[in-house]
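Enquirer: Sharing target.csv here; it has CSV, C-alpha atoms.
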```csv
chain,number,residue,atom,x,y,z
A,1,MET,CA,-12.5,193.6,328.9
A,2,PHE,CA,-8.9,192.3,328.9
A,3,LEU,CA,-6.8,193.9,331.7
A,4,PRO,CA,-3.1,193.3,331.2
A,5,PHE,CA,-1.2,192.3,334.4
A,6,ALA,CA,-4.5,191.9,336.3
A,7,THR,CA,-3.4,188.5,337.7
A,8,SER,CA,0.0,189.9,339.0
A,9,ARG,CA,-1.8,192.8,340.7
A,10,ARG,CA,-4.3,190.5,342.4
A,11,SER,CA,-1.6,188.1,343.5
A,12,THR,CA,0.2,191.0,345.1
A,13,LEU,CA,-3.0,191.7,346.9
A,14,LEU,CA,-3.1,188.1,348.0
A,15,LEU,CA,0.4,188.3,349.4
A,16,ALA,CA,-0.1,191.7,351.0
A,17,GLY,CA,-2.8,190.1,353.0
A,18,ILE,CA,-0.7,187.2,354.2
A,19,LEU,CA,3.0,187.9,354.1
A,20,VAL,CA,3.8,190.7,356.6
A,21,ILE,CA,7.3,192.0,356.4
A,22,SER,CA,8.1,194.3,359.3
A,23,LEU,CA,11.3,196.1,358.6
A,24,PHE,CA,12.3,196.9,362.2
A,25,THR,CA,15.4,198.7,361.2
A,26,TRP,CA,13.3,201.4,359.6
A,27,VAL,CA,10.8,201.8,362.4
A,28,GLY,CA,11.6,204.2,365.2
A,29,CYS,CA,9.9,206.0,368.1
A,30,SER,CA,8.5,208.9,366.2
A,31,ASN,CA,7.4,211.1,369.1
A,32,GLY,CA,10.9,211.5,370.6
A,33,ALA,CA,10.1,209.3,373.6
A,34,SER,CA,13.2,207.4,374.4
A,35,GLU,CA,14.9,206.5,377.7
A,36,SER,CA,18.3,206.7,376.1
A,37,ASP,CA,19.1,209.2,373.4
A,38,GLU,CA,22.6,207.9,372.9
A,39,ALA,CA,22.1,204.1,373.2
A,40,SER,CA,24.9,202.1,371.5
A,41,GLU,CA,25.5,198.5,371.0
A,42,GLU,CA,28.8,196.6,370.7
A,43,GLU,CA,29.4,195.4,367.2
A,44,SER,CA,29.1,191.6,366.8
A,45,GLY,CA,28.8,189.1,364.1
A,46,PRO,CA,25.6,187.4,363.0
A,47,ALA,CA,24.0,185.0,365.5
A,48,TYR,CA,24.1,182.1,363.0
A,49,THR,CA,26.5,180.0,361.0
A,50,ILE,CA,26.8,180.7,357.3
A,51,GLY,CA,26.4,177.4,355.4
A,52,ASP,CA,27.2,176.3,351.9
A,53,GLU,CA,25.9,178.3,349.0
A,54,ILE,CA,22.8,177.1,347.2
A,55,ALA,CA,23.2,176.3,343.5
A,56,ASP,CA,19.5,175.5,342.7
A,57,SER,CA,18.1,178.6,341.0
A,58,THR,CA,14.6,177.9,342.3
A,59,ILE,CA,15.7,178.2,345.9
A,60,ALA,CA,16.8,181.4,347.6
A,61,VAL,CA,17.3,180.6,351.2
A,62,ILE,CA,17.5,177.5,353.5
A,63,LEU,CA,17.3,177.9,357.2
A,64,GLU,CA,18.3,174.9,359.4
A,65,SER,CA,18.2,174.8,363.2
A,66,GLU,CA,17.0,172.6,366.1
A,67,TYR,CA,13.5,173.6,365.0
A,68,GLY,CA,13.8,172.0,361.6
A,69,THR,CA,14.4,173.2,358.1
A,70,ASP,CA,12.6,176.0,356.2
A,71,THR,CA,13.2,176.3,352.4
A,72,VAL,CA,12.3,179.6,350.8
A,73,GLN,CA,11.6,179.4,347.1
A,74,THR,CA,13.1,182.2,344.9
A,75,SER,CA,9.7,183.3,343.8
A,76,ARG,CA,8.6,183.8,347.5
A,77,PHE,CA,11.8,185.6,348.4
A,78,MET,CA,11.4,188.0,345.4
A,79,SER,CA,7.8,188.6,346.4
A,80,HIS,CA,9.0,189.6,349.9
A,81,THR,CA,11.6,192.0,348.5
A,82,GLN,CA,9.0,193.5,346.1
A,83,MET,CA,6.6,194.2,349.0
A,84,ALA,CA,9.5,195.5,351.2
A,85,THR,CA,10.5,197.9,348.5
A,86,GLN,CA,7.0,199.1,348.0
A,87,SER,CA,6.7,199.8,351.8
A,88,VAL,CA,9.5,202.4,351.5
A,89,PRO,CA,8.2,206.0,350.9
A,90,PRO,CA,8.9,206.9,347.2
A,91,GLN,CA,11.2,209.8,348.2
A,92,ARG,CA,13.5,207.4,350.1
A,93,ARG,CA,13.6,204.5,347.7
A,94,ALA,CA,16.6,205.9,345.8
A,95,MET,CA,18.6,205.9,349.1
A,96,ILE,CA,17.7,202.2,349.9
A,97,SER,CA,20.0,199.7,348.3
A,98,ASP,CA,19.0,196.2,347.2
A,99,SER,CA,21.5,194.8,349.7
A,100,LEU,CA,19.6,196.6,352.6
A,101,ILE,CA,16.2,195.4,351.3
A,102,HIS,CA,17.5,191.8,350.9
A,103,SER,CA,19.1,191.9,354.3
A,104,SER,CA,15.9,193.1,356.0
A,105,VAL,CA,13.9,190.4,354.3
A,106,LEU,CA,16.4,187.7,355.2
A,107,ASP,CA,16.4,189.0,358.8
A,108,GLN,CA,12.6,188.7,359.0
A,109,LEU,CA,12.7,185.2,357.5
A,110,ILE,CA,15.1,184.2,360.2
A,111,THR,CA,13.0,185.8,362.9
A,112,GLN,CA,9.9,183.9,361.6
A,113,HIS,CA,11.9,180.6,361.6
A,114,VAL,CA,13.1,180.8,365.2
A,115,VAL,CA,9.9,182.4,366.7
A,116,THR,CA,7.5,179.9,365.1
A,117,GLY,CA,9.9,177.1,365.8
A,118,ALA,CA,10.1,177.9,369.5
A,119,ALA,CA,6.3,178.2,369.6
A,120,LYS,CA,5.8,174.8,368.1
A,121,ALA,CA,8.4,173.4,370.5
A,122,ASP,CA,6.3,174.8,373.3
A,123,GLY,CA,3.3,173.0,371.9
A,124,TYR,CA,1.5,175.9,370.4
A,125,VAL,CA,-0.7,175.3,367.4
A,126,ALA,CA,-2.6,178.0,365.5
A,127,ASP,CA,-6.3,177.8,365.9
A,128,SER,CA,-7.9,176.0,362.9
A,129,ALA,CA,-11.0,178.2,363.1
A,130,ALA,CA,-8.9,181.4,362.9
A,131,ILE,CA,-6.9,180.0,360.0
A,132,ALA,CA,-10.2,179.2,358.1
A,133,GLN,CA,-11.6,182.6,358.9
A,134,ARG,CA,-8.5,184.4,357.5
A,135,PHE,CA,-8.4,182.1,354.5
A,136,GLU,CA,-11.9,183.0,353.6
A,137,ALA,CA,-11.3,186.7,354.2
A,138,THR,CA,-8.4,186.5,351.7
A,139,LYS,CA,-10.6,184.8,349.1
A,140,GLN,CA,-13.1,187.6,349.5
A,141,ARG,CA,-10.6,190.0,348.1
A,142,PHE,CA,-11.2,188.5,344.7
A,143,THR,CA,-14.5,189.5,343.2
A,144,ASP,CA,-16.0,190.0,339.8
A,145,GLU,CA,-17.5,193.2,338.4
A,146,ASP,CA,-20.8,192.5,340.3
A,147,GLY,CA,-19.0,192.0,343.6
A,148,ASN,CA,-19.4,188.3,343.7
A,149,LEU,CA,-16.6,185.9,344.7
A,150,ASP,CA,-14.4,185.1,341.7
A,151,GLU,CA,-13.0,181.6,342.4
A,152,GLN,CA,-11.0,181.5,339.2
A,153,ALA,CA,-9.3,184.8,340.0
A,154,PHE,CA,-8.4,183.5,343.4
A,155,ALA,CA,-7.0,180.2,341.8
A,156,ASP,CA,-5.1,182.2,339.3
A,157,ALA,CA,-3.5,184.4,342.0
A,158,LEU,CA,-2.4,181.3,343.9
A,159,ALA,CA,-0.9,179.8,340.7
A,160,ALA,CA,0.9,183.0,339.9
A,161,GLU,CA,2.7,182.7,343.2
A,162,ASN,CA,3.2,178.9,343.0
A,163,LEU,CA,0.9,178.4,346.0
A,164,SER,CA,-1.7,175.8,346.7
A,165,PRO,CA,-4.6,176.4,349.0
A,166,GLU,CA,-2.9,174.2,351.6
A,167,ARG,CA,0.3,176.2,351.4
A,168,LEU,CA,-1.7,179.4,351.8
A,169,ARG,CA,-3.3,177.9,355.0
A,170,GLU,CA,0.2,177.1,356.3
A,171,MET,CA,1.3,180.6,355.7
A,172,ILE,CA,-1.7,182.0,357.5
A,173,ALA,CA,-0.9,179.6,360.4
A,174,THR,CA,2.6,181.0,360.5
A,175,GLN,CA,1.3,184.6,360.5
A,176,LEU,CA,-1.0,183.8,363.4
A,177,THR,CA,1.7,182.1,365.3
A,178,MET,CA,4.0,185.1,364.9
A,179,GLN,CA,1.3,187.5,366.1
A,180,ARG,CA,0.5,185.3,369.1
A,181,GLN,CA,4.2,184.9,370.1
A,182,ARG,CA,4.8,188.6,369.7
A,183,GLN,CA,1.9,189.5,371.9
A,184,GLU,CA,3.0,187.0,374.6
A,185,ILE,CA,6.5,188.3,374.7
A,186,MET,CA,5.5,191.9,374.6
A,187,LYS,CA,2.9,191.7,377.3
A,188,ASN,CA,5.6,190.6,379.8
A,189,ALA,CA,7.9,193.5,379.0
A,190,GLU,CA,9.1,195.7,381.9
A,191,SER,CA,7.1,198.8,382.6
A,192,PRO,CA,8.8,202.2,382.3
A,193,SER,CA,9.7,203.8,385.7
A,194,LYS,CA,8.1,206.9,387.0
A,195,ASP,CA,11.5,208.7,386.9
A,196,SER,CA,12.1,207.7,383.2
A,197,ILE,CA,8.6,208.9,382.2
A,198,GLU,CA,9.1,212.3,384.0
A,199,ALA,CA,12.6,212.7,382.4
A,200,VAL,CA,11.3,212.0,378.9
A,201,SER,CA,8.3,214.3,379.5
A,202,GLU,CA,10.7,217.1,380.5
A,203,ARG,CA,13.0,216.5,377.5
A,204,ASN,CA,10.0,216.9,375.3
A,205,ARG,CA,8.8,220.2,376.9
A,206,ARG,CA,8.1,222.7,374.2
A,207,PHE,CA,9.2,226.2,375.2
A,208,GLN,CA,9.8,229.4,373.3
A,209,ALA,CA,12.9,231.6,373.7
A,210,GLN,CA,14.4,234.6,372.2
A,211,HIS,CA,18.1,235.0,371.7
A,212,ILE,CA,21.0,236.9,370.2
A,213,LEU,CA,23.8,234.7,368.8
A,214,ILE,CA,27.3,235.9,368.5
A,215,GLN,CA,28.8,233.2,366.4
A,216,VAL,CA,32.2,231.8,367.1
A,217,SER,CA,33.5,228.3,366.5
A,218,ASP,CA,34.9,225.9,369.1
A,219,THR,CA,38.3,226.0,367.3
A,220,ALA,CA,38.5,229.8,367.0
A,221,ALA,CA,41.6,231.6,368.4
A,222,ASP,CA,41.3,232.7,372.0
A,223,ALA,CA,41.3,236.4,371.0
A,224,LYS,CA,38.3,235.9,368.8
A,225,VAL,CA,36.5,233.9,371.5
A,226,ASP,CA,37.1,236.7,374.0
A,227,SER,CA,35.9,239.3,371.6
A,228,ALA,CA,32.6,237.4,371.0
A,229,ARG,CA,32.1,236.9,374.7
A,230,GLN,CA,32.7,240.6,375.4
A,231,LEU,CA,30.2,241.6,372.7
A,232,ALA,CA,27.6,239.3,374.2
A,233,SER,CA,28.2,240.7,377.7
A,234,ALA,CA,27.8,244.2,376.4
A,235,LEU,CA,24.5,243.3,374.8
A,236,ILE,CA,23.3,241.9,378.1
A,237,ASP,CA,24.1,245.2,379.7
A,238,SER,CA,22.2,247.0,376.9
A,239,VAL,CA,19.1,244.9,377.4
A,240,GLU,CA,19.2,245.5,381.2
A,241,SER,CA,19.5,249.2,380.7
A,242,GLY,CA,16.3,249.2,378.7
A,243,VAL,CA,17.3,248.8,375.0
A,244,SER,CA,14.9,246.7,373.0
A,245,PHE,CA,15.9,243.0,372.8
A,246,ASP,CA,14.3,242.8,369.4
A,247,SER,CA,16.2,245.7,367.9
A,248,LEU,CA,19.5,244.4,369.3
A,249,ALA,CA,18.8,240.9,367.9
A,250,LYS,CA,18.0,242.3,364.5
A,251,ARG,CA,21.2,244.4,364.5
A,252,HIS,CA,23.8,242.0,366.1
A,253,SER,CA,22.6,238.4,366.0
A,254,ASP,CA,24.3,236.0,363.6
A,255,GLY,CA,21.4,233.5,363.9
A,256,PRO,CA,18.8,233.0,361.2
A,257,SER,CA,16.1,234.2,363.7
A,258,SER,CA,17.6,237.7,363.7
A,259,THR,CA,15.0,238.9,361.3
A,260,ARG,CA,12.4,238.0,363.8
A,261,GLY,CA,14.1,239.8,366.6
A,262,GLY,CA,15.7,236.5,367.7
A,263,ARG,CA,12.4,234.8,368.4
A,264,LEU,CA,12.6,231.0,368.0
A,265,PRO,CA,9.5,228.9,367.4
A,266,PRO,CA,8.2,226.7,370.3
A,267,THR,CA,10.7,223.8,370.3
A,268,PRO,CA,11.1,220.6,372.3
A,269,ARG,CA,13.8,220.9,374.9
A,270,GLN,CA,15.8,217.9,373.7
A,271,ARG,CA,16.2,219.5,370.2
A,272,LEU,CA,18.1,222.4,371.5
A,273,ALA,CA,21.7,222.5,372.8
A,274,GLU,CA,21.6,221.5,376.4
A,275,PRO,CA,23.4,224.6,377.8
A,276,PHE,CA,20.9,226.8,375.9
A,277,ALA,CA,17.8,225.0,377.1
A,278,ASP,CA,19.1,224.8,380.7
A,279,ALA,CA,19.9,228.5,380.8
A,280,ALA,CA,16.6,229.5,379.2
A,281,LEU,CA,14.4,227.4,381.6
A,282,ALA,CA,16.4,228.7,384.6
A,283,LEU,CA,14.9,232.2,383.9
A,284,ASN,CA,11.8,233.2,385.8
A,285,ASP,CA,9.9,235.3,383.3
A,286,SER,CA,10.3,237.3,380.0
A,287,THR,CA,11.6,240.3,381.9
A,288,GLU,CA,14.8,238.5,382.6
A,289,VAL,CA,17.8,237.7,380.4
A,290,THR,CA,20.7,235.4,381.1
A,291,GLN,CA,23.2,237.2,383.4
A,292,GLU,CA,26.2,235.8,381.5
A,293,PRO,CA,26.7,234.8,377.9
A,294,VAL,CA,25.8,231.1,377.3
A,295,ARG,CA,28.3,229.1,375.3
A,296,THR,CA,27.2,226.4,372.9
A,297,GLN,CA,28.8,224.9,369.8
A,298,PHE,CA,27.4,227.8,367.8
A,299,GLY,CA,28.9,230.6,369.8
A,300,PHE,CA,27.7,232.9,372.7
A,301,HIS,CA,24.0,233.5,373.3
A,302,VAL,CA,22.0,236.1,375.1
A,303,ILE,CA,18.7,234.5,376.0
A,304,ARG,CA,15.3,235.5,377.1
A,305,LEU,CA,12.5,233.1,378.0
A,306,LEU,CA,9.2,233.9,376.3
A,307,ASP,CA,7.0,230.9,377.2
A,308,ARG,CA,8.1,228.1,379.6
A,309,GLY,CA,5.5,225.7,378.0
A,310,GLU,CA,4.6,222.4,379.6
A,311,PRO,CA,6.3,219.0,379.8
A,312,ALA,CA,4.9,216.5,377.3
A,313,ASP,CA,1.8,214.6,378.4
A,314,THR,CA,2.9,211.9,380.7
A,315,ALA,CA,0.2,209.5,379.6
A,316,ARG,CA,1.4,209.7,376.0
A,317,VAL,CA,5.0,209.4,377.1
A,318,ARG,CA,4.2,206.3,379.2
A,319,GLN,CA,2.4,204.7,376.2
A,320,ALA,CA,5.4,205.5,373.9
A,321,LEU,CA,7.9,204.1,376.4
A,322,GLU,CA,5.8,201.0,376.9
A,323,GLN,CA,5.7,200.3,373.2
A,324,GLN,CA,9.5,200.9,373.0
A,325,LYS,CA,10.1,198.4,375.8
A,326,GLN,CA,7.7,195.9,374.2
A,327,ARG,CA,9.6,196.1,370.9
A,328,GLN,CA,12.9,195.7,372.7
A,329,ALA,CA,11.6,192.7,374.6
A,330,PHE,CA,10.6,191.0,371.4
A,331,GLN,CA,13.9,191.8,369.7
A,332,ASP,CA,15.8,190.5,372.8
A,333,ARG,CA,13.9,187.3,372.7
A,334,VAL,CA,14.5,186.9,369.0
A,335,GLU,CA,18.3,187.4,369.5
A,336,GLU,CA,18.2,184.8,372.3
A,337,LEU,CA,16.5,182.3,370.1
A,338,ARG,CA,18.9,182.9,367.3
A,339,GLY,CA,21.9,182.4,369.5
A,340,SER,CA,20.6,179.2,371.1
A,341,SER,CA,19.1,177.4,368.1
A,342,GLU,CA,22.3,176.4,366.3
A,343,LEU,CA,21.0,178.2,363.2
A,344,VAL,CA,22.6,177.7,359.9
A,345,VAL,CA,21.8,180.0,357.0
A,346,ARG,CA,22.3,179.1,353.4
A,347,VAL,CA,21.6,181.4,350.5
A,348,ASN,CA,21.7,181.5,346.8
A,349,PRO,CA,24.1,184.3,346.0
A,350,THR,CA,22.7,184.9,342.6
A,351,VAL,CA,19.3,185.7,344.2
A,352,VAL,CA,20.0,187.0,347.7
A,353,LYS,CA,22.2,190.1,347.8
A,354,ALA,CA,22.3,190.4,351.6
A,355,ASN,CA,25.5,191.0,353.5
A,356,LEU,CA,25.6,187.9,355.7
A,357,ASP,CA,28.6,189.0,357.8
A,358,GLU,CA,26.7,191.9,359.4
```
Go through the file and emit its structure as structure tokens.
Expert:
Amino acid sequence: MFLPFATSRRSTLLLAGILVISLFTWVGCSNGASESDEASEEESGPAYTIGDEIADSTIAVILESEYGTDTVQTSRFMSHTQMATQSVPPQRRAMISDSLIHSSVLDQLITQHVVTGAAKADGYVADSAAIAQRFEATKQRFTDEDGNLDEQAFADALAAENLSPERLREMIATQLTMQRQRQEIMKNAESPSKDSIEAVSERNRRFQAQHILIQVSDTAADAKVDSARQLASALIDSVESGVSFDSLAKRHSDGPSSTRGGRLPPTPRQRLAEPFADAALALNDSTEVTQEPVRTQFGFHVIRLLDRGEPADTARVRQALEQQKQRQAFQDRVEELRGSSELVVRVNPTVVKANLDE
């Protein structure tokens, strides 16, 4: 049976097994474990020189440095961009521009150039047995209807991507080198301190509170602010005199939780306004309310602590921070190599839409 586009789909499988594009700019620490919530970096230009434009339509990028020259064919660059695009969740693709995709692909090609170049300069050579094993594993992706190896399908996939078996082995060697260098750099990363682990663990404490919000903006007139504060103070007096907190919240709170008697769902500490979280966790138990209205950017709060919760598991926080430091160590090493390798980047502007000045 004839299957249209079967070769292109299989060649994509081939590349997916070999060409790994890690878009670091889209990968974050998803569990909220970070030693600095407001880290910032000084803006700077690219750590390379922009060379003459490429006119040859078959070539997308040329990278030149003390490690040698890498020439990236247009077909290879476009395969990278296709896989990078497919790695973005469908609901986000409309928000990701071609320029960002191309910039990310170019960034990873540069990373590959300097990291593998430094590895070779240090005398590292990918293990031939490991290359052969991964090459055979790639071939095994191509089978006929009976599950037997389809040599012709494999050859067609290589041809569709302008690859020879030898070039495929070179690409596998590059992949193995990148993996090895990444592991070597990351294993020497600094360990997170006990204090930082405890601080992040506390910031991720999930606790539950109940509140009454009297909304007033930071820019409101003094008279309006005073009126809101006085109402919040009067509500504190009412709670302490025995009036139901739930009923007061339903009647007076301007927050969306008013219909639930002001009850908020269990929430990590770091996701709440700091004055709110500090005041809530300073209370001893659910019989207490804040003695004074608590001011945040939303207005004045009357707060009751329902469940103090527990700090985040320190073992998981340690693991997350270690991974964060390992990623940062790798990125720092890459930036160091870029800055010291006298790198020159040349692109074909009709193919590569990246912004080279960033």
Enquirer: Can you tell me how far CA of Ala121 (chain A) sits from CA of Ile54 (chain A), in Å to one decimal?
Expert: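 According to the coordinates, CA of Ala121 (chain A) and CA of Ile54 (chain A) are separated by 27.6 Å.
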Enquirer: Considering all atoms listed in the file, can you say which of A:Ala329, A:Val347, A:Met186, A:Met95 comes closest to Ser57 (chain A)?
Expert: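 Answer, going by the shortest atom-to-atom distance: A:Val347.
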Enquirer: Figure out the distance between CA of Gln270 (chain A) and CA of Gly299 (chain A), please, to one decimal in Å.
Expert: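 The value is 18.7 Å.
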Enquirer: Quick one: of A:Thr111, A:Ser257, A:Ser286, A:Asn204, who's nearest to Glu336 (chain A), counting all atoms listed in the file?
Expert: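 Comparing A:Thr111, A:Ser257, A:Ser286, A:Asn204 against Glu336 (chain A), the winner is A:Thr111.
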Enquirer: Which residue out of A:Val352, A:Leu248, A:Ala153, A:Val216 has the minimum interatomic distance to Thr138 (chain A) when all atoms listed in the file are used?
Expert: A:Ala153
Enquirer: Using only C-alpha atoms, can you tell me which of A:Phe154, A:Phe135, A:Phe207, A:Phe142 comes closest to Glu170 (chain A)?
Expert: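 Result for the nearest residue to Glu170 (chain A): A:Phe135.
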